[in-house]
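The file coords11.tsv contains TSV, C-alpha atoms and all ligand atoms:
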```tsv
chain	number	residue	atom	x	y	z
R	13	MET	CA	128.27	260.80	103.35
R	14	ALA	CA	129.58	259.77	99.94
R	15	ASP	CA	127.15	257.95	97.67
R	16	PRO	CA	128.41	254.31	97.56
R	17	ARG	CA	127.14	253.91	94.00
R	18	SER	CA	129.30	254.87	91.06
R	19	PRO	CA	127.87	257.59	88.74
R	20	GLY	CA	126.83	254.85	86.30
R	21	ASP	CA	124.59	253.38	89.02
R	22	ARG	CA	122.58	256.57	89.57
R	23	PRO	CA	118.88	255.82	89.71
R	24	THR	CA	117.35	256.09	86.27
R	25	GLU	CA	113.76	256.84	85.40
R	26	ALA	CA	113.21	253.08	85.04
R	27	ASP	CA	114.45	252.56	88.63
R	28	ALA	CA	112.01	255.16	89.88
R	29	GLU	CA	109.19	253.10	88.38
R	30	HIS	CA	110.44	249.64	89.26
R	31	ARG	CA	108.47	247.70	91.84
R	32	ALA	CA	109.51	244.83	94.04
R	33	GLY	CA	108.04	243.11	97.06
R	34	PHE	CA	106.96	239.97	98.84
R	35	VAL	CA	103.82	238.20	97.72
R	36	ALA	CA	102.40	235.47	99.96
R	37	LEU	CA	100.67	232.43	98.48
R	38	LEU	CA	98.32	231.23	101.19
R	39	GLY	CA	95.46	228.77	101.39
R	40	ALA	CA	94.21	225.41	102.52
R	41	PRO	CA	96.17	222.26	101.64
R	42	ASN	CA	95.74	221.36	97.96
R	43	ALA	CA	94.44	224.82	96.93
R	44	GLY	CA	97.00	224.99	94.13
R	45	LYS	CA	99.60	227.31	95.67
R	46	SER	CA	102.70	225.48	94.50
R	47	THR	CA	101.26	224.91	91.03
R	48	LEU	CA	100.62	228.64	90.68
R	49	LEU	CA	104.13	229.41	91.90
R	50	ASN	CA	105.63	227.12	89.25
R	51	CYS	CA	103.34	228.58	86.59
R	52	LEU	CA	104.40	232.14	87.44
R	53	LEU	CA	108.07	231.20	87.39
R	54	GLY	CA	107.85	229.07	84.26
R	55	GLU	CA	109.97	226.51	86.14
R	56	LYS	CA	109.25	223.68	88.48
R	57	LEU	CA	110.52	224.94	91.77
R	58	ALA	CA	107.96	223.64	94.25
R	59	ILE	CA	106.77	220.06	94.31
R	60	VAL	CA	103.13	219.35	93.54
R	61	THR	CA	101.05	216.26	94.25
R	62	ALA	CA	97.37	215.47	94.31
R	63	LYS	CA	97.67	214.92	98.06
R	64	PRO	CA	97.08	217.65	100.62
R	65	GLN	CA	100.01	218.86	102.73
R	66	THR	CA	102.64	218.47	100.07
R	67	THR	CA	104.53	221.68	100.81
R	68	ARG	CA	106.26	221.68	104.17
R	69	SER	CA	108.16	224.91	104.28
R	70	ARG	CA	108.21	228.42	102.97
R	71	ILE	CA	109.87	228.61	99.56
R	72	LEU	CA	110.82	231.84	97.86
R	73	GLY	CA	110.47	231.94	94.08
R	74	ILE	CA	111.48	235.08	92.21
R	75	CYS	CA	109.19	236.03	89.36
R	76	ARG	CA	110.33	238.81	87.04
R	77	ARG	CA	108.25	240.87	84.72
R	78	GLU	CA	109.02	244.12	82.88
R	79	GLY	CA	109.67	246.68	85.61
R	80	ALA	CA	108.77	244.36	88.47
R	81	GLU	CA	110.13	241.66	90.73
R	82	LEU	CA	107.61	239.55	92.62
R	83	LEU	CA	109.13	237.68	95.53
R	84	LEU	CA	106.63	234.85	95.77
R	85	LEU	CA	106.42	232.96	99.05
R	86	ASP	CA	104.84	229.54	98.72
R	87	THR	CA	103.61	228.20	102.04
R	88	PRO	CA	102.34	224.93	103.52
R	89	GLY	CA	98.55	224.69	103.45
R	90	LEU	CA	97.14	225.90	106.75
R	91	HIS	CA	95.37	223.33	108.86
R	92	ASP	CA	93.99	222.48	112.26
R	93	SER	CA	95.94	219.68	113.84
R	94	GLU	CA	98.10	220.30	116.89
R	95	LYS	CA	100.81	217.79	115.92
R	96	LEU	CA	104.30	219.23	115.97
R	97	LEU	CA	104.83	218.99	112.21
R	98	ASN	CA	101.57	220.85	111.69
R	99	THR	CA	102.30	223.58	114.20
R	100	THR	CA	105.69	224.04	112.55
R	101	LEU	CA	103.94	224.40	109.19
R	102	ASN	CA	101.47	226.89	110.60
R	103	ASP	CA	104.31	228.91	112.12
R	104	ALA	CA	105.78	229.21	108.62
R	105	VAL	CA	102.45	230.65	107.46
R	106	GLU	CA	102.37	233.23	110.25
R	107	GLU	CA	105.87	234.35	109.43
R	108	VAL	CA	105.00	234.82	105.77
R	109	ILE	CA	101.89	236.84	106.65
R	110	SER	CA	103.86	239.25	108.75
R	111	GLY	CA	106.57	239.70	106.11
R	112	CYS	CA	104.54	240.09	102.92
R	113	ASP	CA	103.52	243.21	101.00
R	114	VAL	CA	100.53	241.60	99.30
R	115	ALA	CA	98.79	238.30	100.07
R	116	LEU	CA	97.03	235.97	97.68
R	117	LEU	CA	94.48	233.81	99.42
R	118	LEU	CA	94.07	230.85	97.09
R	119	VAL	CA	90.75	229.06	97.26
R	120	ASP	CA	89.88	225.99	95.24
R	121	ARG	CA	86.64	227.18	93.62
R	122	ARG	CA	85.22	223.70	93.87
R	123	ASP	CA	85.50	223.70	97.67
R	124	GLY	CA	84.59	227.31	98.31
R	125	TRP	CA	85.10	229.31	101.48
R	126	GLY	CA	85.44	227.56	104.83
R	127	GLU	CA	87.03	227.88	108.22
R	128	ILE	CA	90.63	227.81	107.00
R	129	GLN	CA	90.04	230.62	104.51
R	130	GLU	CA	88.27	232.58	107.22
R	131	ARG	CA	91.22	232.21	109.59
R	132	LEU	CA	93.72	233.33	106.97
R	133	PHE	CA	91.52	236.22	105.86
R	134	ALA	CA	91.14	237.42	109.45
R	135	ALA	CA	94.88	237.09	110.12
R	136	LEU	CA	95.64	239.16	107.03
R	137	ALA	CA	93.14	241.84	108.02
R	138	GLU	CA	94.66	241.98	111.48
R	139	ALA	CA	98.15	242.32	110.03
R	140	GLY	CA	96.83	245.07	107.73
R	141	LYS	CA	97.94	243.29	104.54
R	142	PRO	CA	96.23	243.79	101.19
R	143	CYS	CA	94.54	240.53	100.26
R	144	PHE	CA	93.39	239.19	96.90
R	145	VAL	CA	91.06	236.23	96.89
R	146	VAL	CA	92.15	233.99	94.03
R	147	GLY	CA	89.81	231.24	92.86
R	148	THR	CA	92.01	228.41	91.58
R	149	LYS	CA	91.56	225.60	89.02
R	150	ALA	CA	89.27	227.70	86.82
R	151	ASP	CA	89.64	225.01	84.14
R	152	LEU	CA	87.73	222.53	86.31
R	153	LYS	CA	83.95	222.35	86.72
R	154	ARG	CA	82.51	223.83	89.89
R	155	LYS	CA	80.52	221.64	92.25
R	156	PRO	CA	76.84	222.51	92.44
R	157	GLY	CA	75.87	224.30	95.63
R	158	VAL	CA	79.28	225.84	96.32
R	159	GLU	CA	78.99	229.60	96.51
R	160	TRP	CA	81.48	231.43	94.32
R	161	PRO	CA	82.63	234.10	94.71
R	162	PRO	CA	82.10	233.80	98.44
R	163	LEU	CA	80.25	236.59	100.20
R	164	ARG	CA	83.20	237.39	102.44
R	165	ALA	CA	85.45	238.01	99.44
R	166	ALA	CA	83.62	241.30	98.87
R	167	GLU	CA	85.89	242.66	101.60
R	168	ALA	CA	89.05	241.65	99.71
R	169	GLU	CA	90.92	244.12	97.51
R	170	LEU	CA	90.21	241.98	94.50
R	171	VAL	CA	88.63	238.66	93.61
R	172	LEU	CA	89.65	236.82	90.48
R	173	ASP	CA	89.84	233.33	89.05
R	174	VAL	CA	92.90	231.68	87.58
R	175	SER	CA	93.95	228.38	86.13
R	176	ALA	CA	97.58	227.44	86.55
R	177	GLN	CA	96.89	224.66	84.08
R	178	THR	CA	95.79	226.84	81.15
R	179	GLY	CA	97.28	230.15	82.30
R	180	GLU	CA	93.86	231.81	82.34
R	181	GLY	CA	93.82	234.92	84.52
R	182	VAL	CA	97.43	234.52	85.57
R	183	GLU	CA	98.95	237.58	83.91
R	184	THR	CA	95.99	239.74	84.97
R	185	LEU	CA	96.72	238.64	88.49
R	186	VAL	CA	100.39	239.57	88.07
R	187	GLN	CA	99.50	243.06	86.83
R	188	GLN	CA	97.17	243.66	89.74
R	189	VAL	CA	99.75	242.47	92.24
R	190	VAL	CA	102.48	244.64	90.73
R	191	GLU	CA	100.32	247.74	91.23
R	192	ARG	CA	100.22	247.03	94.97
R	193	LEU	CA	103.97	246.47	95.36
R	194	PRO	CA	106.24	249.17	96.72
R	195	VAL	CA	108.46	251.13	94.36
R	196	SER	CA	111.86	249.53	94.80
R	197	PRO	CA	114.82	248.43	92.73
R	198	PRO	CA	115.16	244.65	92.23
R	199	LEU	CA	116.18	242.98	95.50
R	200	TYR	CA	117.87	239.89	94.03
R	201	PRO	CA	120.46	239.44	91.26
R	202	ASP	CA	119.00	238.45	87.86
R	203	ASP	CA	120.19	234.85	87.92
R	204	VAL	CA	118.71	233.93	91.31
R	205	LEU	CA	115.47	231.94	91.18
R	206	THR	CA	115.03	230.94	94.82
R	207	ASP	CA	116.52	231.16	98.29
R	208	ARG	CA	116.62	227.39	98.63
R	209	PRO	CA	119.80	225.45	97.87
R	210	LEU	CA	119.78	222.87	95.08
R	211	ARG	CA	120.30	220.06	97.56
R	212	PHE	CA	117.07	220.94	99.35
R	213	LEU	CA	115.15	221.15	96.05
R	214	ALA	CA	116.59	217.77	95.01
R	215	GLY	CA	115.41	216.26	98.29
R	216	GLU	CA	111.96	217.69	97.68
R	217	LEU	CA	111.80	216.03	94.27
R	218	VAL	CA	112.62	212.71	95.92
R	219	ARG	CA	109.84	213.33	98.46
R	220	GLU	CA	107.41	214.14	95.63
R	221	ALA	CA	108.30	210.89	93.86
R	222	ALA	CA	107.90	208.96	97.12
R	223	MET	CA	104.48	210.50	97.76
R	224	GLU	CA	103.39	209.55	94.26
R	225	CYS	CA	104.81	206.02	94.24
R	226	LEU	CA	103.69	205.08	97.72
R	227	GLY	CA	100.10	206.07	97.06
R	228	GLN	CA	97.82	205.81	100.05
R	229	GLU	CA	100.26	203.71	102.01
R	230	LEU	CA	102.53	206.42	103.38
R	231	PRO	CA	101.08	209.65	102.15
R	232	TYR	CA	102.46	211.98	104.74
R	233	GLN	CA	104.92	210.29	107.01
R	234	THR	CA	108.01	210.56	104.90
R	235	ALA	CA	110.83	213.04	104.87
R	236	VAL	CA	113.99	213.18	102.81
R	237	GLU	CA	117.42	213.93	104.13
R	238	VAL	CA	120.10	214.64	101.55
R	239	THR	CA	123.34	213.40	103.06
R	240	ALA	CA	125.68	214.08	100.12
R	241	PHE	CA	125.50	216.41	97.14
R	242	ASP	CA	128.67	216.23	95.15
R	243	GLU	CA	129.00	218.63	92.21
R	244	SER	CA	132.75	218.31	91.88
R	245	ARG	CA	132.44	216.41	88.58
R	246	PRO	CA	130.72	218.69	86.08
R	247	GLU	CA	129.44	215.75	83.99
R	248	LEU	CA	127.81	213.91	86.88
R	249	THR	CA	126.31	215.15	90.15
R	250	THR	CA	126.20	212.46	92.82
R	251	ILE	CA	123.44	212.70	95.36
R	252	ARG	CA	122.91	210.46	98.36
R	253	ALA	CA	119.64	210.70	100.24
R	254	ASN	CA	117.71	208.92	102.97
R	255	LEU	CA	113.99	208.49	102.74
R	256	LEU	CA	112.93	208.64	106.37
R	257	VAL	CA	109.97	206.62	107.57
R	258	ALA	CA	108.60	206.17	111.06
R	259	ARG	CA	108.34	202.37	111.39
R	260	ASP	CA	109.79	199.07	110.16
R	261	SER	CA	106.50	198.17	108.49
R	262	GLN	CA	106.72	201.39	106.47
R	263	LYS	CA	110.30	200.64	105.56
R	264	ARG	CA	109.27	197.29	104.11
R	265	ILE	CA	106.71	199.03	101.90
R	266	ALA	CA	109.08	201.79	100.83
R	267	VAL	CA	111.88	199.36	99.95
R	268	GLY	CA	109.55	196.96	98.18
R	269	ARG	CA	110.26	193.43	97.06
R	270	GLY	CA	113.96	193.14	96.26
R	271	GLY	CA	114.27	196.93	96.45
R	272	GLU	CA	111.84	197.43	93.59
R	273	MET	CA	109.93	200.32	95.19
R	274	VAL	CA	112.90	202.37	96.28
R	275	ARG	CA	114.38	201.97	92.78
R	276	ARG	CA	111.12	203.13	91.25
R	277	ILE	CA	111.07	206.21	93.50
R	278	GLY	CA	114.64	207.06	92.51
R	279	SER	CA	113.93	206.66	88.78
R	280	ARG	CA	110.87	208.83	89.06
R	281	ALA	CA	112.73	211.61	90.88
R	282	ARG	CA	115.87	211.64	88.75
R	283	PRO	CA	114.69	213.40	85.56
R	284	GLY	CA	113.39	216.36	87.57
R	285	ILE	CA	116.63	216.60	89.51
R	286	GLU	CA	118.62	216.44	86.27
R	287	ALA	CA	116.54	219.31	84.86
R	288	LEU	CA	117.23	221.26	88.04
R	289	VAL	CA	121.00	220.77	88.11
R	290	GLY	CA	121.28	220.94	84.31
R	291	GLY	CA	123.17	217.68	83.89
R	292	LYS	CA	123.30	213.97	84.65
R	293	VAL	CA	122.64	212.82	88.18
R	294	HIS	CA	123.58	209.67	90.03
R	295	LEU	CA	121.08	209.23	92.84
R	296	GLU	CA	121.63	206.79	95.69
R	297	LEU	CA	118.52	206.45	97.74
R	298	PHE	CA	118.19	204.58	101.04
R	299	VAL	CA	115.16	203.97	103.22
R	300	LYS	CA	115.80	204.59	106.88
R	301	VAL	CA	113.61	204.14	109.94
R	302	ASP	CA	113.81	207.29	111.99
R	303	PRO	CA	110.84	207.63	114.32
R	304	LYS	CA	112.20	210.84	115.80
R	305	TRP	CA	112.00	213.13	112.79
R	306	LEU	CA	108.32	213.84	113.29
R	307	LYS	CA	108.70	214.64	116.96
R	308	SER	CA	111.62	217.00	117.22
R	309	ARG	CA	111.36	220.62	116.15
R	310	LYS	CA	115.12	220.81	115.76
R	311	ARG	CA	115.06	217.79	113.49
R	312	LEU	CA	112.25	219.26	111.40
R	313	GLU	CA	114.20	222.46	110.99
R	314	GLY	CA	117.30	220.49	110.07
R	315	LEU	CA	115.32	218.85	107.29
R	316	GLY	CA	114.41	222.27	105.94
R	317	TYR	CA	110.84	222.35	107.24
R	318	GLY	CA	111.43	225.20	109.66
J	1	LIG	N1	93.11	221.17	86.80
J	1	LIG	C1	93.89	221.89	87.58
J	1	LIG	N2	94.53	221.30	88.62
J	1	LIG	C2	95.32	222.08	89.41
J	1	LIG	C3	95.48	223.47	89.17
J	1	LIG	N3	96.30	223.95	90.13
J	1	LIG	C4	96.63	222.90	90.91
J	1	LIG	N4	96.05	221.77	90.48
J	1	LIG	C5	96.16	220.42	91.08
J	1	LIG	O1	95.78	220.46	92.44
J	1	LIG	C6	96.58	219.57	93.23
J	1	LIG	C7	97.23	220.34	94.38
J	1	LIG	O2	98.13	221.28	93.85
J	1	LIG	P1	99.32	221.90	94.70
J	1	LIG	O3	99.90	222.99	93.89
J	1	LIG	O4	100.22	220.83	95.22
J	1	LIG	O5	98.50	222.51	95.93
J	1	LIG	P2	99.09	223.26	97.20
J	1	LIG	O6	98.13	224.33	97.56
J	1	LIG	O7	100.49	223.67	96.97
J	1	LIG	O8	99.01	222.09	98.28
J	1	LIG	P3	99.87	221.91	99.66
J	1	LIG	O9	101.30	222.09	99.34
J	1	LIG	O10	99.54	220.51	100.04
J	1	LIG	O11	99.33	222.91	100.63
J	1	LIG	C8	97.58	218.95	92.26
J	1	LIG	O12	97.09	217.70	91.86
J	1	LIG	C9	97.62	219.93	91.10
J	1	LIG	O13	97.96	219.33	89.87
J	1	LIG	C10	94.79	224.06	88.06
J	1	LIG	O14	94.86	225.26	87.79
J	1	LIG	N5	94.01	223.23	87.31
J	2	MG	MG	102.23	223.21	97.93
```
Full structure transcribed into structure tokens:
Amino acid sequence: MADPRSPGDRPTEADAEHRAGFVALLGAPNAGKSTLLNCLLGEKLAIVTAKPQTTRSRILGICRREGAELLLLDTPGLHDSEKLLNTTLNDAVEEVISGCDVALLLVDRRDGWGEIQERLFAALAEAGKPCFVVGTKADLKRKPGVEWPPLRAAEAELVLDVSAQTGEGVETLVQQVVERLPVSPPLYPDDVLTDRPLRFLAGELVREAAMECLGQELPYQTAVEVTAFDESRPELTTIRANLLVARDSQKRIAVGRGGEMVRRIGSRARPGIEALVGGKVHLELFVKVDPKWLKSRKRLEGLGYG
């Protein structure tokens, strides 16, 4: 059969050395997975909050280094509850484990090794995936009495500490990961950063702002549905989104007196969205009671949490 590539596309020596593959970022909620993803990309792709269970779906972020392409898969923190949203999140983790070439098991060094880490470690061993144990937040003080590195980590391919805040250990980690990736040409075009559409990322930034502004009041029960994303005017992108809450009482809190809270959420989200789309954004945000979103798998998938 004829070679589909033109002579100019013949593999060069550089191609023969190039590595590319899928790298899973796994761990308990709040371990620092999304922060490390953003640090590796040098861009804010995944939302980050101080609250656990911020990430709700697998997000691919493409990290390029000389001679290598790391296809980083950020995942929701694994946890125990049987609620539908949580089982959907855990399904996303399972899928990432089976599809990755190398796994990074991120452990907040202050919390140490527990049941969640054990479950992930065992699942990776069973799937036969190389696993690095990555101690996160190396810039923060350890708690006394927490064992680090954990005994179990001796069975990992590598144990190392990083700080996504200061960058400590991050490039060493990259080098070690690259060595375990298969030899392969790049799998994505140069200008692609993620597999997620801008409208999804914009919705995530609204959710991040809502989680921050609403504090303890509605930490987890919100979702964002982007209903319009109009890029037809190059000078101004118009976005319409619904902040979904489960009950009327939550709606009152999210709207705030005279709409003050929903305006604050929108103002907080907008600069990040403008950085993402590279221009001005007009954001219209509404709060909507939708008790069903938490209960229907189809609905969760429709919101991008599948
Ligand atoms: N000081 C410090 N804080 C960090 C570091 N990495 C993450 N954090 C903080 O830890 C918190 C959780 O970070 P995330 O990146 O959202 O954690 P995650 O593992 O993605 O959490 P989920 O999406 O909920 O599973 C945030 O407040 C981050 O700012 C770090 O290297 N140093
Ligand atoms: Mg996250």
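Nearest to Thr184 of chain R of all the residues R:Leu52, R:Leu117, R:Leu83, R:Leu136 is R:Leu52, based on all atoms listed in the file.
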Taking all atoms listed in the file into account, report as a CSV table (one decimal) with C-alpha atoms, in the frame of the given file which residues have an atom no farther than 10 Å from an atom of ligand MG 2 (chain J).
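Saved to part-v7.csv:
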```
chain,number,residue,atom,x,y,z
R,37,LEU,CA,100.7,232.4,98.5
R,38,LEU,CA,98.3,231.2,101.2
R,39,GLY,CA,95.5,228.8,101.4
R,40,ALA,CA,94.2,225.4,102.5
R,41,PRO,CA,96.2,222.3,101.6
R,42,ASN,CA,95.7,221.4,98.0
R,43,ALA,CA,94.4,224.8,96.9
R,44,GLY,CA,97.0,225.0,94.1
R,45,LYS,CA,99.6,227.3,95.7
R,46,SER,CA,102.7,225.5,94.5
R,47,THR,CA,101.3,224.9,91.0
R,48,LEU,CA,100.6,228.6,90.7
R,49,LEU,CA,104.1,229.4,91.9
R,58,ALA,CA,108.0,223.6,94.2
R,59,ILE,CA,106.8,220.1,94.3
R,60,VAL,CA,103.1,219.4,93.5
R,61,THR,CA,101.0,216.3,94.2
R,62,ALA,CA,97.4,215.5,94.3
R,63,LYS,CA,97.7,214.9,98.1
R,64,PRO,CA,97.1,217.6,100.6
R,65,GLN,CA,100.0,218.9,102.7
R,66,THR,CA,102.6,218.5,100.1
R,67,THR,CA,104.5,221.7,100.8
R,68,ARG,CA,106.3,221.7,104.2
R,69,SER,CA,108.2,224.9,104.3
R,70,ARG,CA,108.2,228.4,103.0
R,71,ILE,CA,109.9,228.6,99.6
R,86,ASP,CA,104.8,229.5,98.7
R,87,THR,CA,103.6,228.2,102.0
R,88,PRO,CA,102.3,224.9,103.5
R,89,GLY,CA,98.6,224.7,103.4
```
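Atom CA of Gly73 of chain R is positioned 10.1 Å from atom CA of Lys56 of chain R.
Proximity of R:Phe34, R:Phe212, R:Trp160, R:Phe144 to Gln188 of chain R, computed with all atoms listed in the file, is greatest for R:Phe144.
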When distances are computed from all atoms listed in the file, which of R:Ala168, R:Cys143, R:Ala221, R:Val195 shows the smallest separation from Gly284 of chain R?
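For Gly284 of chain R, the nearest of the given residues is R:Ala221.
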Rounded to one decimal in Å, what is the spacing between atom CA of Val174 of chain R and atom CA of Lys149 of chain R?
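Those two atoms sit 6.4 Å apart.
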Between atom CA of Glu191 of chain R and atom CA of Gly33 of chain R, measure the distance and give it in Å to one decimal.
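Answer for the atom CA of Glu191 of chain R to atom CA of Gly33 of chain R separation: 10.7 Å.
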Edge lengths and centre in Å to one decimal, as lines of an AutoDock Vina configuration file, is what I'm after for the box along x, y and z that holds all listed atoms of segment 256-261 of chain R once 6 Å is added on each side.
```
center_x = 109.7
center_y = 203.4
center_z = 108.9
size_x = 18.4
size_y = 22.5
size_z = 17.0
```
Between R:Leu295, R:Ala135, R:Met273, R:Val267, which one has atoms that come closest to Phe241 of chain R, using all atoms listed in the file?
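Of the candidates, the smallest distance to Phe241 of chain R is held by R:Leu295.
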For Arg121 of chain R, please output as a PyMOL selection string all residues within 6 Å (counting only C-alpha atoms; exclusion window: fewer than 3 positions along the same chain).
chain R and resi 124+147-148
Have a look at R:Lys292, R:Arg211, R:Arg276, R:His91 and name the one nearest to ligand LIG 1 (chain J); count all atoms listed in the file.
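Going through R:Lys292, R:Arg211, R:Arg276, R:His91 one by one, the smallest distance to ligand LIG 1 (chain J) is for R:His91.
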Kindly extract all protein, DNA and RNA residues lying within 12 Å of the coordinates (100.4, 243.8, 113.2) given in the file, considering all atoms listed in the file, and supply them as a list in words.
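Checking each residue against the 12 Å limit leaves Glu106, Glu107, Ile109, Ser110, Gly111, Cys112, Ala134, Ala135, Leu136, Ala137, Glu138, Ala139, Gly140 and Lys141 of chain R.
When only C-alpha atoms are used to measure the gap to Val289 of chain R, the shortest distance among R:Val182, R:Leu57, R:Val35, R:Ala165 belongs to R:Leu57.
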Report as a PyMOL selection string all protein, DNA and RNA residues lying within 12 Å of Ala166 of chain R, evaluated on only C-alpha atoms, omitting residues in the same chain fewer than 4 positions from it.
chain R and resi 133+143-145+160-162+170-172
Since the input is missing atoms for segment 216-228 of chain R, could you rebuild it with N, CA and C atoms and give the result as a compact mmCIF listing (two decimals), in the frame of the given file?
```txt
# COMPACT_ATOMS: atom_id res chain seq x y z
N GLU R 216 113.41 217.52 97.85
CA GLU R 216 111.96 217.69 97.68
C GLU R 216 111.45 216.87 96.50
N LEU R 217 112.22 216.82 95.43
CA LEU R 217 111.80 216.03 94.27
C LEU R 217 111.77 214.54 94.61
N VAL R 218 112.67 214.10 95.47
CA VAL R 218 112.62 212.71 95.92
C VAL R 218 111.35 212.50 96.76
N ARG R 219 111.05 213.46 97.61
CA ARG R 219 109.84 213.33 98.46
C ARG R 219 108.58 213.30 97.58
N GLU R 220 108.56 214.13 96.55
CA GLU R 220 107.41 214.14 95.63
C GLU R 220 107.25 212.75 94.98
N ALA R 221 108.36 212.20 94.51
CA ALA R 221 108.30 210.89 93.86
C ALA R 221 107.84 209.83 94.85
N ALA R 222 108.31 209.94 96.09
CA ALA R 222 107.90 208.96 97.12
C ALA R 222 106.41 209.08 97.40
N MET R 223 105.92 210.30 97.50
CA MET R 223 104.48 210.50 97.76
C MET R 223 103.65 209.90 96.63
N GLU R 224 104.14 210.07 95.41
CA GLU R 224 103.39 209.55 94.26
C GLU R 224 103.45 208.03 94.21
N CYS R 225 104.65 207.48 94.39
CA CYS R 225 104.81 206.02 94.24
C CYS R 225 104.17 205.26 95.39
N LEU R 226 104.18 205.83 96.58
CA LEU R 226 103.69 205.08 97.72
C LEU R 226 102.18 205.21 97.90
N GLY R 227 101.56 205.99 97.06
CA GLY R 227 100.10 206.07 97.06
C GLY R 227 99.53 206.34 98.43
N GLN R 228 98.50 205.59 98.77
CA GLN R 228 97.82 205.81 100.05
C GLN R 228 98.61 205.24 101.22
```
